[in-house]
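Colleague: Enclosed is the structure file target-v8.txt (compact mmCIF, C-alpha atoms (C1' of nucleotides)).
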# COMPACT_ATOMS: atom_id res chain seq x y z
CA MET V 1 0.00 0.00 0.00
CA ALA V 2 2.80 2.38 0.87
CA GLU V 3 4.02 2.33 -2.70
CA SER V 4 0.69 3.00 -4.34
CA THR V 5 -0.44 5.66 -1.92
CA ALA V 6 0.63 8.64 -4.00
CA LEU V 7 0.07 6.99 -7.37
CA ASP V 8 -3.35 8.45 -8.04
CA GLU V 9 -2.20 11.93 -7.17
CA MET V 10 0.84 11.44 -9.33
CA ILE V 11 -1.36 10.43 -12.23
CA CYS V 12 -3.40 13.58 -11.88
CA PHE V 13 -0.26 15.57 -12.47
CA GLN V 14 0.71 13.37 -15.39
CA LEU V 15 -2.69 13.96 -16.95
CA TYR V 16 -2.41 17.68 -16.33
CA ALA V 17 1.09 17.83 -17.84
CA ALA V 18 0.31 15.48 -20.73
CA SER V 19 -2.78 17.43 -21.69
CA ARG V 20 -0.88 20.71 -21.82
CA SER V 21 1.97 19.05 -23.67
CA MET V 22 -0.50 17.72 -26.22
CA THR V 23 -2.12 21.07 -26.96
CA GLY V 24 1.44 22.35 -27.31
CA LEU V 25 1.90 19.87 -30.14
CA TYR V 26 -1.20 21.17 -31.87
CA ARG V 27 -0.24 24.81 -31.49
CA PRO V 28 2.27 25.08 -34.34
CA LEU V 29 -0.13 23.14 -36.57
CA LEU V 30 -3.15 25.33 -35.78
CA ASP V 31 -1.51 28.72 -35.30
CA PRO V 32 -1.09 29.29 -39.07
CA HIS V 33 -4.87 28.96 -39.37
CA GLY V 34 -5.52 31.29 -36.45
CA LEU V 35 -7.07 28.52 -34.38
CA THR V 36 -6.65 27.29 -30.82
CA TYR V 37 -7.04 23.66 -29.82
CA PRO V 38 -10.51 24.12 -28.26
CA GLN V 39 -11.63 25.98 -31.37
CA TYR V 40 -10.28 23.13 -33.51
CA LEU V 41 -12.27 20.65 -31.41
CA VAL V 42 -15.45 22.62 -32.03
CA LEU V 43 -14.76 22.67 -35.76
CA ARG V 44 -14.12 18.93 -35.78
CA VAL V 45 -17.52 18.29 -34.25
CA LEU V 46 -19.14 20.56 -36.81
CA TRP V 47 -17.25 18.99 -39.70
CA HIS V 48 -18.43 15.59 -38.59
CA ASP V 49 -21.94 16.24 -37.35
CA GLY V 50 -22.96 19.31 -39.33
CA SER V 51 -25.06 21.93 -37.56
CA THR V 52 -25.55 21.51 -33.84
CA THR V 53 -26.67 23.56 -30.91
CA VAL V 54 -24.53 25.09 -28.21
CA ARG V 55 -26.11 22.61 -25.87
CA ASP V 56 -25.08 19.52 -27.86
CA LEU V 57 -21.64 20.94 -28.48
CA GLY V 58 -21.29 21.31 -24.73
CA ARG V 59 -22.35 17.74 -24.11
CA THR V 60 -19.95 16.42 -26.71
CA LEU V 61 -16.94 18.43 -25.55
CA GLN V 62 -17.90 18.53 -21.88
CA LEU V 63 -17.84 22.33 -21.85
CA ASP V 64 -20.44 24.77 -20.58
CA SER V 65 -21.90 27.83 -22.23
CA GLY V 66 -19.56 30.04 -20.22
CA THR V 67 -16.70 28.57 -22.18
CA LEU V 68 -18.42 27.98 -25.50
CA SER V 69 -20.28 31.27 -25.94
CA PRO V 70 -17.21 33.49 -26.23
CA LEU V 71 -15.31 30.81 -28.16
CA LEU V 72 -18.12 30.52 -30.73
CA LYS V 73 -18.34 34.28 -30.93
CA ARG V 74 -14.68 34.37 -31.89
CA LEU V 75 -15.14 31.65 -34.52
CA GLU V 76 -18.11 33.60 -35.88
CA ALA V 77 -16.02 36.78 -36.01
CA GLN V 78 -13.45 34.84 -38.02
CA GLY V 79 -16.19 33.89 -40.47
CA HIS V 80 -16.05 30.15 -39.83
CA LEU V 81 -19.62 29.74 -38.59
CA VAL V 82 -22.92 31.53 -37.99
CA ARG V 83 -25.22 31.44 -34.98
CA THR V 84 -28.99 31.47 -35.46
CA ARG V 85 -31.76 31.14 -32.91
CA GLY V 86 -33.69 27.89 -33.16
CA ALA V 87 -36.98 28.22 -35.05
CA ASP V 88 -38.91 25.77 -32.91
CA ASP V 89 -37.19 26.60 -29.62
CA GLU V 90 -36.11 30.21 -29.26
CA ARG V 91 -33.81 29.34 -26.40
CA THR V 92 -31.43 27.25 -28.45
CA VAL V 93 -28.78 28.59 -30.80
CA LEU V 94 -27.90 26.69 -33.95
CA ILE V 95 -24.26 26.62 -34.93
CA THR V 96 -23.72 26.24 -38.68
CA LEU V 97 -20.48 26.24 -40.64
CA THR V 98 -20.01 28.81 -43.38
CA GLY V 99 -18.40 27.92 -46.68
CA ALA V 100 -15.12 29.20 -45.27
CA GLY V 101 -15.60 27.01 -42.20
CA GLN V 102 -16.18 23.98 -44.42
CA ALA V 103 -13.17 24.81 -46.55
CA LEU V 104 -10.97 25.07 -43.48
CA ARG V 105 -11.22 21.32 -43.11
CA ASP V 106 -9.22 20.75 -46.29
CA GLU V 107 -6.89 23.66 -45.63
CA ILE V 108 -5.86 22.17 -42.30
CA GLY V 109 -5.79 18.67 -43.68
CA ASP V 110 -4.93 15.61 -41.66
CA LEU V 111 -2.85 16.33 -38.58
CA THR V 112 -2.54 12.66 -37.70
CA GLN V 113 0.88 12.09 -39.23
CA ALA V 114 2.41 15.19 -37.69
CA LEU V 115 1.07 14.19 -34.29
CA LEU V 116 2.12 10.56 -34.51
CA CYS V 117 5.67 11.68 -35.17
CA SER V 118 5.65 13.75 -31.97
CA ILE V 119 4.21 11.06 -29.72
CA ASN V 120 6.50 8.13 -29.12
CA LEU V 121 3.81 5.54 -28.50
CA THR V 122 2.85 2.58 -30.63
CA VAL V 123 -0.65 2.18 -31.98
CA ASP V 124 -1.24 -0.53 -29.40
CA GLU V 125 -0.20 1.79 -26.61
CA LEU V 126 -2.43 4.52 -27.99
CA THR V 127 -5.38 2.14 -27.93
CA GLN V 128 -4.53 1.09 -24.40
CA LEU V 129 -4.18 4.71 -23.29
CA ASN V 130 -7.46 5.65 -24.88
CA GLN V 131 -9.33 2.93 -23.05
CA LEU V 132 -7.74 3.74 -19.72
CA LEU V 133 -8.61 7.40 -20.09
CA LEU V 134 -12.18 6.58 -21.01
CA ARG V 135 -12.53 4.36 -17.97
CA ALA V 136 -10.82 6.84 -15.68
CA ARG V 137 -13.49 9.39 -16.57
CA GLY V 138 -16.20 6.85 -15.81
CA THR V 139 -17.15 6.87 -19.47
CA SER V 140 -17.24 3.19 -20.23
CA ALA V 141 -18.00 1.75 -23.66
CA LEU V 142 -21.61 1.28 -22.60
CA ASP V 143 -22.19 4.89 -21.80
CA GLU V 144 -25.64 6.35 -21.55
CA SER V 145 -24.60 9.82 -22.71
CA PRO V 146 -26.54 11.16 -25.68
CA ARG V 147 -23.54 11.93 -27.81
CA LYS V 148 -22.76 9.52 -30.60
CA VAL V 149 -19.28 10.45 -31.65
CA THR V 150 -16.00 10.99 -29.94
CA PRO V 151 -15.10 14.37 -31.37
CA ALA V 152 -11.38 14.25 -31.72
CA MET M 1 -4.56 1.98 -41.05
CA ALA M 2 -8.07 3.32 -41.55
CA GLU M 3 -9.02 2.36 -38.03
CA SER M 4 -6.03 3.93 -36.30
CA THR M 5 -5.98 7.11 -38.33
CA ALA M 6 -7.97 9.22 -35.90
CA LEU M 7 -6.80 7.46 -32.77
CA ASP M 8 -4.08 9.88 -31.83
CA GLU M 9 -6.35 12.87 -32.28
CA MET M 10 -9.01 11.07 -30.28
CA ILE M 11 -6.52 10.53 -27.48
CA CYS M 12 -5.67 14.21 -27.41
CA PHE M 13 -9.29 14.92 -26.64
CA GLN M 14 -9.38 12.16 -24.03
CA LEU M 15 -6.35 13.68 -22.35
CA TYR M 16 -7.90 17.12 -22.49
CA ALA M 17 -11.19 15.88 -21.05
CA ALA M 18 -9.62 13.59 -18.47
CA SER M 19 -7.35 16.33 -17.21
CA ARG M 20 -10.25 18.71 -16.69
CA SER M 21 -12.32 15.97 -15.15
CA MET M 22 -9.50 15.24 -12.73
CA THR M 23 -9.08 18.80 -11.53
CA GLY M 24 -12.83 18.75 -11.12
CA LEU M 25 -12.39 15.93 -8.63
CA TYR M 26 -9.86 17.98 -6.67
CA ARG M 27 -12.01 21.10 -6.61
CA PRO M 28 -14.40 20.13 -3.80
CA LEU M 29 -11.43 18.86 -1.78
CA LEU M 30 -9.35 22.02 -2.23
CA ASP M 31 -12.07 24.67 -2.29
CA PRO M 32 -12.57 24.58 1.50
CA HIS M 33 -8.90 25.52 1.85
CA GLY M 34 -9.13 28.28 -0.73
CA LEU M 35 -6.79 26.49 -3.11
CA THR M 36 -6.85 25.69 -6.80
CA TYR M 37 -5.28 22.57 -8.25
CA PRO M 38 -2.19 24.35 -9.67
CA GLN M 39 -1.72 26.07 -6.31
CA TYR M 40 -1.95 22.69 -4.60
CA LEU M 41 0.71 21.32 -6.94
CA VAL M 42 3.05 24.16 -6.00
CA LEU M 43 2.45 23.49 -2.32
CA ARG M 44 3.13 19.78 -2.78
CA VAL M 45 6.50 20.54 -4.30
CA LEU M 46 7.30 22.89 -1.44
CA TRP M 47 6.12 20.40 1.18
CA HIS M 48 8.37 17.78 -0.32
CA ASP M 49 11.43 19.74 -1.38
CA GLY M 50 11.39 22.69 0.99
CA SER M 51 12.41 26.08 -0.38
CA THR M 52 12.95 26.34 -4.11
CA THR M 53 13.24 29.01 -6.74
CA VAL M 54 10.63 30.04 -9.27
CA ARG M 55 12.93 28.57 -11.87
CA ASP M 56 13.06 25.09 -10.31
CA LEU M 57 9.35 25.16 -9.60
CA GLY M 58 8.83 25.88 -13.27
CA ARG M 59 11.01 22.99 -14.32
CA THR M 60 9.25 20.60 -11.98
CA LEU M 61 5.72 21.59 -12.94
CA GLN M 62 6.52 22.49 -16.54
CA LEU M 63 5.16 26.01 -16.09
CA ASP M 64 6.75 29.33 -16.98
CA SER M 65 7.10 32.47 -14.91
CA GLY M 66 4.13 34.00 -16.68
CA THR M 67 1.96 31.41 -14.99
CA LEU M 68 3.86 31.01 -11.72
CA SER M 69 4.50 34.65 -10.83
CA PRO M 70 0.86 35.64 -10.31
CA LEU M 71 0.04 32.25 -8.80
CA LEU M 72 2.82 32.60 -6.24
CA LYS M 73 1.76 36.16 -5.55
CA ARG M 74 -1.69 34.87 -4.64
CA LEU M 75 -0.28 32.15 -2.40
CA GLU M 76 1.87 34.80 -0.73
CA ALA M 77 -1.16 37.03 -0.24
CA GLN M 78 -2.88 34.09 1.48
CA GLY M 79 0.08 33.81 3.84
CA HIS M 80 1.21 30.37 2.71
CA LEU M 81 4.67 31.39 1.51
CA VAL M 82 7.13 34.24 1.21
CA ARG M 83 9.27 35.34 -1.72
CA THR M 84 12.79 36.60 -1.15
CA ARG M 85 15.45 37.56 -3.64
CA GLY M 86 18.38 35.15 -3.80
CA ALA M 87 21.39 36.36 -1.78
CA ASP M 88 24.00 35.03 -4.17
CA ASP M 89 22.03 35.63 -7.36
CA GLU M 90 19.78 38.66 -7.29
CA ARG M 91 17.86 37.42 -10.32
CA THR M 92 16.39 34.39 -8.60
CA VAL M 93 13.48 34.42 -6.16
CA LEU M 94 13.38 31.96 -3.30
CA ILE M 95 10.01 30.52 -2.42
CA THR M 96 9.71 29.50 1.23
CA LEU M 97 6.73 28.14 3.12
CA THR M 98 5.46 30.02 6.15
CA GLY M 99 4.31 28.22 9.27
CA ALA M 100 0.77 28.46 7.95
CA GLY M 101 1.91 26.99 4.67
CA GLN M 102 3.54 24.08 6.47
CA ALA M 103 0.46 23.56 8.62
CA LEU M 104 -1.76 23.45 5.57
CA ARG M 105 -0.26 20.08 4.71
CA ASP M 106 -1.87 18.47 7.74
CA GLU M 107 -5.07 20.46 7.42
CA ILE M 108 -5.60 19.15 3.91
CA GLY M 109 -4.42 15.68 4.82
CA ASP M 110 -4.25 12.79 2.41
CA LEU M 111 -6.52 13.17 -0.58
CA THR M 112 -5.60 9.75 -1.92
CA GLN M 113 -8.60 7.87 -0.57
CA ALA M 114 -11.10 10.45 -1.74
CA LEU M 115 -9.60 10.39 -5.21
CA LEU M 116 -9.33 6.62 -5.47
CA CYS M 117 -13.04 6.38 -4.76
CA SER M 118 -13.79 8.73 -7.65
CA ILE M 119 -11.58 7.01 -10.20
CA ASN M 120 -12.77 3.58 -11.23
CA LEU M 121 -9.37 2.17 -12.09
CA THR M 122 -7.42 -0.52 -10.31
CA VAL M 123 -3.95 0.11 -8.94
CA ASP M 124 -2.54 -1.90 -11.84
CA GLU M 125 -4.37 0.26 -14.34
CA LEU M 126 -3.16 3.39 -12.57
CA THR M 127 0.42 2.18 -12.87
CA GLN M 128 -0.10 1.37 -16.52
CA LEU M 129 -1.69 4.74 -17.18
CA ASN M 130 1.13 6.54 -15.42
CA GLN M 131 3.76 4.86 -17.53
CA LEU M 132 1.90 5.49 -20.78
CA LEU M 133 1.50 9.17 -19.93
CA LEU M 134 5.16 9.49 -19.04
CA ARG M 135 6.19 7.91 -22.32
CA ALA M 136 3.69 9.94 -24.33
CA ARG M 137 5.35 13.11 -23.08
CA GLY M 138 8.74 11.75 -24.06
CA THR M 139 9.70 11.67 -20.40
CA SER M 140 11.13 8.21 -20.09
CA ALA M 141 12.31 6.73 -16.82
CA LEU M 142 15.88 7.66 -17.75
CA ASP M 143 15.14 11.34 -18.07
CA GLU M 144 17.88 13.91 -18.09
CA SER M 145 15.78 16.65 -16.51
CA PRO M 146 17.22 18.17 -13.32
CA ARG M 147 14.17 17.56 -11.20
CA LYS M 148 14.32 14.66 -8.78
CA VAL M 149 10.75 14.17 -7.75
CA THR M 150 7.45 13.77 -9.51
CA PRO M 151 5.50 16.45 -7.69
CA ALA M 152 2.02 15.03 -7.42
C1' DC C 1 -55.35 28.91 -18.16
C1' DA C 2 -51.97 30.33 -14.45
C1' DC C 3 -47.80 29.62 -12.37
C1' DC C 4 -43.73 27.60 -10.98
C1' DA C 5 -39.71 24.83 -12.13
C1' DT C 6 -36.57 23.89 -15.70
C1' DT C 7 -33.81 24.65 -19.77
C1' DC C 8 -30.96 27.37 -22.57
C1' DA C 9 -27.43 30.80 -23.96
C1' DG C 10 -25.07 34.46 -22.40
C1' DT C 11 -22.47 37.56 -18.92
C1' DT C 12 -19.38 38.47 -15.05
C1' DG C 13 -15.53 37.53 -12.24
C1' DT C 14 -11.50 34.71 -11.03
C1' DG C 15 -7.63 31.98 -12.07
C1' DC C 16 -4.81 29.45 -14.98
C1' DA C 17 -1.67 28.85 -19.54
C1' DC C 18 1.29 30.78 -22.74
C1' DA C 19 3.44 33.95 -26.22
C1' DA C 20 5.96 38.05 -26.35
C1' DC C 21 8.22 41.29 -24.09
C1' DT C 22 10.87 44.15 -20.29
C1' DG C 23 14.59 45.12 -17.33
C1' DA C 24 17.84 43.82 -14.07
C1' DA C 25 21.56 40.55 -12.88
C1' DT C 26 24.94 37.43 -14.32
C1' DT C 27 28.08 34.95 -17.36
C1' DG C 28 31.39 34.28 -20.84
C1' DC C 29 34.54 35.58 -24.18
C1' DG C 30 37.83 38.47 -26.48
C1' DC P 1 38.45 44.59 -17.88
C1' DG P 2 34.49 45.54 -21.26
C1' DC P 3 30.58 44.16 -23.42
C1' DA P 4 27.47 41.18 -25.81
C1' DA P 5 24.68 37.07 -24.93
C1' DT P 6 22.13 34.72 -21.58
C1' DT P 7 19.34 33.95 -17.48
C1' DC P 8 15.79 35.12 -14.42
C1' DA P 9 11.33 36.90 -12.67
C1' DG P 10 7.83 39.73 -13.79
C1' DT P 11 4.24 42.17 -16.90
C1' DT P 12 0.95 42.45 -20.69
C1' DG P 13 -2.41 40.62 -23.69
C1' DT P 14 -5.25 36.76 -25.36
C1' DG P 15 -7.93 32.77 -24.76
C1' DC P 16 -9.64 29.09 -22.28
C1' DA P 17 -12.33 26.86 -17.91
C1' DC P 18 -15.67 27.25 -14.56
C1' DA P 19 -18.69 29.01 -10.72
C1' DA P 20 -22.45 31.93 -10.13
C1' DC P 21 -25.71 34.47 -11.99
C1' DT P 22 -29.29 36.72 -15.46
C1' DG P 23 -33.17 36.70 -18.35
C1' DA P 24 -35.85 34.81 -21.82
C1' DA P 25 -38.31 30.69 -23.45
C1' DT P 26 -40.42 26.41 -22.53
C1' DG P 27 -42.78 22.61 -20.06
C1' DG P 28 -45.46 20.55 -16.62
C1' DT P 29 -49.00 20.61 -13.05
C1' DG P 30 -52.91 21.94 -10.63
What is this file in structure tokens?
Modeller:
Amino acid sequence: MAESTALDEMICFQLYAASRSMTGLYRPLLDPHGLTYPQYLVLRVLWHDGSTTVRDLGRTLQLDSGTLSPLLKRLEAQGHLVRTRGADDERTVLITLTGAGQALRDEIGDLTQALLCSINLTVDELTQLNQLLLRARGTSALDESPRKVTPA
Amino acid sequence: MAESTALDEMICFQLYAASRSMTGLYRPLLDPHGLTYPQYLVLRVLWHDGSTTVRDLGRTLQLDSGTLSPLLKRLEAQGHLVRTRGADDERTVLITLTGAGQALRDEIGDLTQALLCSINLTVDELTQLNQLLLRARGTSALDESPRKVTPA
DNA sequence: CACCATTCAGTTGTGCACAACTGAATTGCG
DNA sequence: CGCAATTCAGTTGTGCACAACTGAATGGTG
């Protein structure tokens, strides 16, 4: 027990450091397009799912409106998307990509190769890591959450 | 290849989400003491290593002075530590715990149990996760970095 | 129908992260 | 020694995160 006592707290730091390190890998890839990593995540959801609401975006990315509202406003200011009030429900806001937002997908291209080169893990280890992270968050494979797609 | 193409980008999101989820677990434990998770990390380093400099703290936690300076200023304002210019090198700033800062260690106590209950991973899985995260950051066991201790 | 609870996006305030920069102190090299 | 390059902490500006709140819209219940 003595050896494992601090392990969980150690892992929290590893997660914290690894997450920041990871967004650091994205930065040089996204900077030329004027995007941050959270903004890129939002775009990935939109590229995959098409129009969504702020609410669904929040569920998918586990972010609240306090984070998303200003972020979406910035993406709108950049001309990547538009926000329109829902016709049936005036409370909701529909997020829709513009042509420029669609085009950005091809401009950015596939970042996979660039990332794989920076991470020294095998595909097996990546799979293993993914599953451990999912479980650590209590999000097992048989999750009841309404979202269908892992965004990025 | 088609299956593994998006895996690395998926993992980046998992890391991002897991890291935020983890600090969310700490929040109710640290809030009563008026601490944030990064502040707690700084205190853990100080509790373990004693006085250090901003520079070493930055190396240990992988944070720059732009992040640490205001954070340390807040911890100083709370009376947990003091900052003094280095006697030999006027550029450096020595961070030293106050009595209150020392005492805080016992007041907070061991968060391990509370955290273990929130994470549904076994000790084996925690070990595995830790090693994968270390490797993913390129920080192998035989690291050349000057820091001696994994902070938390 | 009236009314209260809930949902939704947005705002405000605080505290990280990090790039870019400043200025003082130190180091190294001719 | 003299001076340019480097190191160090701090500041400024931008953009997340998140708690707490606001106000409008909706839904459910009597």
Colleague: Which one of M:Val123, M:Leu29, M:Arg55, M:Thr36 sits closest to chain V if you count all atoms listed in the file?
Modeller: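 For chain V, the nearest of the given residues is M:Val123.
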Colleague: Excluding C:DG23 and any residue of its chain fewer than 5 positions from it, enumerate the residues within 12 Å of it, using only C-alpha atoms (C1' of nucleotides), and give them as a list in words.
Modeller: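 Near C:DG23, the qualifying residues are Arg91 of chain M; DC8, DA9, DG10 and DT11 of chain P.
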Colleague: Please provide the set of residues having any atom within 9 Å of stretch 133-135 of chain V, restricted to only C-alpha atoms (C1' of nucleotides), with same-chain residues fewer than 5 positions apart removed, written as an MDAnalysis selection string.
Modeller: (chainID V and resid 128 140:141) or (chainID M and resid 11 14:15 17:18 119:121 129)
Colleague: Write down, as a count of residues only, each residue of chain V that has any atom within 9 Å of an atom of chain M, counting all atoms listed in the file.
Modeller: 49
Colleague: For P:DC18, which residue out of V:Val82, V:Leu97, V:Leu68, V:Val42 is the nearest one, using all atoms listed in the file?
Modeller: V:Leu68
Colleague: Compile the contact shell of P:DT29 as a PyMOL selection string: residues with an atom at most 12 Å away, counting only C-alpha atoms (C1' of nucleotides), same-chain residues fewer than 4 positions apart removed.
Modeller: chain C and resi 1-5
Colleague: Go ahead and dump the residues you just picked, C-alpha atoms (C1' of nucleotides), as a PDB file, in the coordinates of the input.
Modeller:
ATOM      1  C1'  DC C   1     -55.350  28.910 -18.160  1.00  0.00           C
ATOM      2  C1'  DA C   2     -51.970  30.330 -14.450  1.00  0.00           C
ATOM      3  C1'  DC C   3     -47.800  29.620 -12.370  1.00  0.00           C
ATOM      4  C1'  DC C   4     -43.730  27.600 -10.980  1.00  0.00           C
ATOM      5  C1'  DA C   5     -39.710  24.830 -12.130  1.00  0.00           C
TER       6       DA C   5
END
Colleague: Define the interface residues of chain V facing chain C as those within 9 Å, counting all atoms listed in the file, and report them as a PyMOL selection string.
Modeller: chain V and resi 20+54-55+65-66+69-70+90-93
Colleague: Would you work out the distance separating atom CA of M:Gly79 from atom CA of M:Gly99, expressed in Å to one decimal?
Modeller: 8.9 Å
Colleague: Given the choices P:DC1, P:DG30, P:DG23, P:DC16, which gets closest to chain V if the distance is worked out from all atoms listed in the file?
Modeller: P:DC16
Colleague: Please superimpose chain M on chain V using every C-alpha atom, paired by order, in a least-squares fit, and write the moved chain as a short mmCIF file (atom, residue, chain, number, x, y, z; two decimals) with C-alpha atoms, in the frame of the given file.
Modeller:
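Contents of out_18.cif, as written:
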data_model
loop_
_atom_site.label_atom_id
_atom_site.label_comp_id
_atom_site.auth_asym_id
_atom_site.auth_seq_id
_atom_site.Cartn_x
_atom_site.Cartn_y
_atom_site.Cartn_z
CA MET M 1 0.04 0.08 0.09
CA ALA M 2 2.89 2.46 0.83
CA GLU M 3 4.03 2.34 -2.76
CA SER M 4 0.65 3.00 -4.34
CA THR M 5 -0.44 5.69 -1.93
CA ALA M 6 0.66 8.64 -4.03
CA LEU M 7 0.09 7.00 -7.38
CA ASP M 8 -3.32 8.45 -8.06
CA GLU M 9 -2.19 11.95 -7.19
CA MET M 10 0.88 11.43 -9.34
CA ILE M 11 -1.34 10.44 -12.24
CA CYS M 12 -3.40 13.58 -11.86
CA PHE M 13 -0.25 15.58 -12.46
CA GLN M 14 0.71 13.37 -15.39
CA LEU M 15 -2.69 13.96 -16.93
CA TYR M 16 -2.40 17.68 -16.32
CA ALA M 17 1.08 17.83 -17.83
CA ALA M 18 0.32 15.49 -20.72
CA SER M 19 -2.77 17.43 -21.67
CA ARG M 20 -0.87 20.70 -21.82
CA SER M 21 1.97 19.04 -23.65
CA MET M 22 -0.48 17.71 -26.20
CA THR M 23 -2.12 21.04 -26.95
CA GLY M 24 1.41 22.32 -27.28
CA LEU M 25 1.90 19.86 -30.12
CA TYR M 26 -1.22 21.16 -31.86
CA ARG M 27 -0.26 24.80 -31.47
CA PRO M 28 2.25 25.07 -34.33
CA LEU M 29 -0.15 23.13 -36.56
CA LEU M 30 -3.17 25.31 -35.76
CA ASP M 31 -1.52 28.70 -35.30
CA PRO M 32 -1.10 29.27 -39.06
CA HIS M 33 -4.88 28.94 -39.37
CA GLY M 34 -5.55 31.26 -36.45
CA LEU M 35 -7.08 28.49 -34.37
CA THR M 36 -6.67 27.30 -30.81
CA TYR M 37 -7.05 23.67 -29.81
CA PRO M 38 -10.53 24.10 -28.24
CA GLN M 39 -11.63 25.97 -31.36
CA TYR M 40 -10.30 23.11 -33.48
CA LEU M 41 -12.28 20.63 -31.40
CA VAL M 42 -15.47 22.60 -32.02
CA LEU M 43 -14.76 22.65 -35.74
CA ARG M 44 -14.13 18.90 -35.77
CA VAL M 45 -17.52 18.27 -34.24
CA LEU M 46 -19.14 20.55 -36.79
CA TRP M 47 -17.24 18.97 -39.68
CA HIS M 48 -18.43 15.57 -38.58
CA ASP M 49 -21.95 16.22 -37.34
CA GLY M 50 -22.97 19.28 -39.32
CA SER M 51 -25.05 21.92 -37.55
CA THR M 52 -25.56 21.50 -33.83
CA THR M 53 -26.68 23.56 -30.89
CA VAL M 54 -24.52 25.08 -28.19
CA ARG M 55 -26.13 22.60 -25.85
CA ASP M 56 -25.10 19.51 -27.85
CA LEU M 57 -21.65 20.93 -28.46
CA GLY M 58 -21.32 21.31 -24.72
CA ARG M 59 -22.36 17.74 -24.09
CA THR M 60 -19.95 16.41 -26.68
CA LEU M 61 -16.95 18.42 -25.52
CA GLN M 62 -17.92 18.53 -21.85
CA LEU M 63 -17.85 22.33 -21.82
CA ASP M 64 -20.46 24.76 -20.55
CA SER M 65 -21.90 27.83 -22.21
CA GLY M 66 -19.59 30.05 -20.20
CA THR M 67 -16.71 28.59 -22.16
CA LEU M 68 -18.43 27.98 -25.49
CA SER M 69 -20.30 31.27 -25.93
CA PRO M 70 -17.22 33.50 -26.24
CA LEU M 71 -15.33 30.81 -28.15
CA LEU M 72 -18.12 30.51 -30.70
CA LYS M 73 -18.36 34.28 -30.91
CA ARG M 74 -14.69 34.37 -31.90
CA LEU M 75 -15.14 31.64 -34.50
CA GLU M 76 -18.11 33.59 -35.87
CA ALA M 77 -16.03 36.76 -36.00
CA GLN M 78 -13.45 34.82 -38.04
CA GLY M 79 -16.19 33.85 -40.48
CA HIS M 80 -16.06 30.12 -39.83
CA LEU M 81 -19.63 29.74 -38.58
CA VAL M 82 -22.90 31.52 -37.98
CA ARG M 83 -25.22 31.44 -34.98
CA THR M 84 -28.97 31.49 -35.46
CA ARG M 85 -31.74 31.16 -32.93
CA GLY M 86 -33.67 27.90 -33.14
CA ALA M 87 -36.96 28.26 -35.05
CA ASP M 88 -38.91 25.83 -32.91
CA ASP M 89 -37.19 26.65 -29.63
CA GLU M 90 -36.10 30.25 -29.26
CA ARG M 91 -33.81 29.36 -26.37
CA THR M 92 -31.43 27.26 -28.43
CA VAL M 93 -28.77 28.59 -30.78
CA LEU M 94 -27.90 26.69 -33.93
CA ILE M 95 -24.26 26.61 -34.91
CA THR M 96 -23.72 26.23 -38.65
CA LEU M 97 -20.49 26.21 -40.64
CA THR M 98 -20.01 28.78 -43.37
CA GLY M 99 -18.39 27.89 -46.67
CA ALA M 100 -15.11 29.16 -45.25
CA GLY M 101 -15.61 26.98 -42.21
CA GLN M 102 -16.19 23.94 -44.40
CA ALA M 103 -13.17 24.78 -46.54
CA LEU M 104 -10.97 25.05 -43.48
CA ARG M 105 -11.22 21.29 -43.08
CA ASP M 106 -9.22 20.72 -46.26
CA GLU M 107 -6.89 23.62 -45.62
CA ILE M 108 -5.86 22.14 -42.29
CA GLY M 109 -5.81 18.62 -43.66
CA ASP M 110 -4.93 15.56 -41.64
CA LEU M 111 -2.86 16.31 -38.58
CA THR M 112 -2.53 12.64 -37.71
CA GLN M 113 0.90 12.08 -39.22
CA ALA M 114 2.40 15.19 -37.68
CA LEU M 115 1.09 14.18 -34.28
CA LEU M 116 2.13 10.55 -34.50
CA CYS M 117 5.68 11.68 -35.16
CA SER M 118 5.65 13.75 -31.97
CA ILE M 119 4.22 11.07 -29.71
CA ASN M 120 6.53 8.15 -29.10
CA LEU M 121 3.83 5.57 -28.50
CA THR M 122 2.87 2.63 -30.65
CA VAL M 123 -0.64 2.21 -32.01
CA ASP M 124 -1.21 -0.51 -29.42
CA GLU M 125 -0.17 1.80 -26.62
CA LEU M 126 -2.41 4.53 -28.01
CA THR M 127 -5.36 2.15 -27.94
CA GLN M 128 -4.51 1.11 -24.41
CA LEU M 129 -4.15 4.70 -23.30
CA ASN M 130 -7.45 5.64 -24.88
CA GLN M 131 -9.30 2.92 -23.05
CA LEU M 132 -7.70 3.72 -19.71
CA LEU M 133 -8.59 7.40 -20.08
CA LEU M 134 -12.16 6.56 -21.00
CA ARG M 135 -12.52 4.32 -17.97
CA ALA M 136 -10.81 6.81 -15.66
CA ARG M 137 -13.48 9.36 -16.54
CA GLY M 138 -16.18 6.81 -15.81
CA THR M 139 -17.14 6.87 -19.47
CA SER M 140 -17.31 3.20 -20.25
CA ALA M 141 -17.99 1.84 -23.71
CA LEU M 142 -21.64 1.37 -22.75
CA ASP M 143 -22.19 5.01 -21.94
CA GLU M 144 -25.64 6.47 -21.66
CA SER M 145 -24.64 9.94 -22.83
CA PRO M 146 -26.58 11.27 -25.83
CA ARG M 147 -23.56 12.01 -27.94
CA LYS M 148 -22.77 9.56 -30.72
CA VAL M 149 -19.27 10.45 -31.72
CA THR M 150 -15.99 10.98 -29.95
CA PRO M 151 -15.11 14.37 -31.38
CA ALA M 152 -11.36 14.27 -31.75
#
Colleague: Mind dumping a table of every chain P residue within 12 Å of chain V, with the nearest atom pair and its distance in Å to one decimal, using only C-alpha atoms (C1' of nucleotides), sorted by chain and rising number, as a Markdown table?
Modeller:
| residue | atom | partner | partner_atom | distance |
| --- | --- | --- | --- | --- |
| P:DT14 | C1' | V:Thr36 | CA | 11.0 |
| P:DG15 | C1' | V:Thr36 | CA | 8.3 |
| P:DC16 | C1' | V:Thr67 | CA | 7.1 |
| P:DA17 | C1' | V:Thr67 | CA | 6.3 |
| P:DC18 | C1' | V:Gly66 | CA | 7.4 |
| P:DA19 | C1' | V:Gly66 | CA | 9.6 |
| P:DA20 | C1' | V:Gly66 | CA | 10.7 |
| P:DC21 | C1' | V:Gly66 | CA | 11.2 |
| P:DG23 | C1' | V:Arg91 | CA | 10.9 |
| P:DA24 | C1' | V:Arg91 | CA | 7.4 |
| P:DA25 | C1' | V:Arg91 | CA | 5.5 |
| P:DT26 | C1' | V:Asp89 | CA | 7.8 |
| P:DG27 | C1' | V:Asp89 | CA | 11.8 |
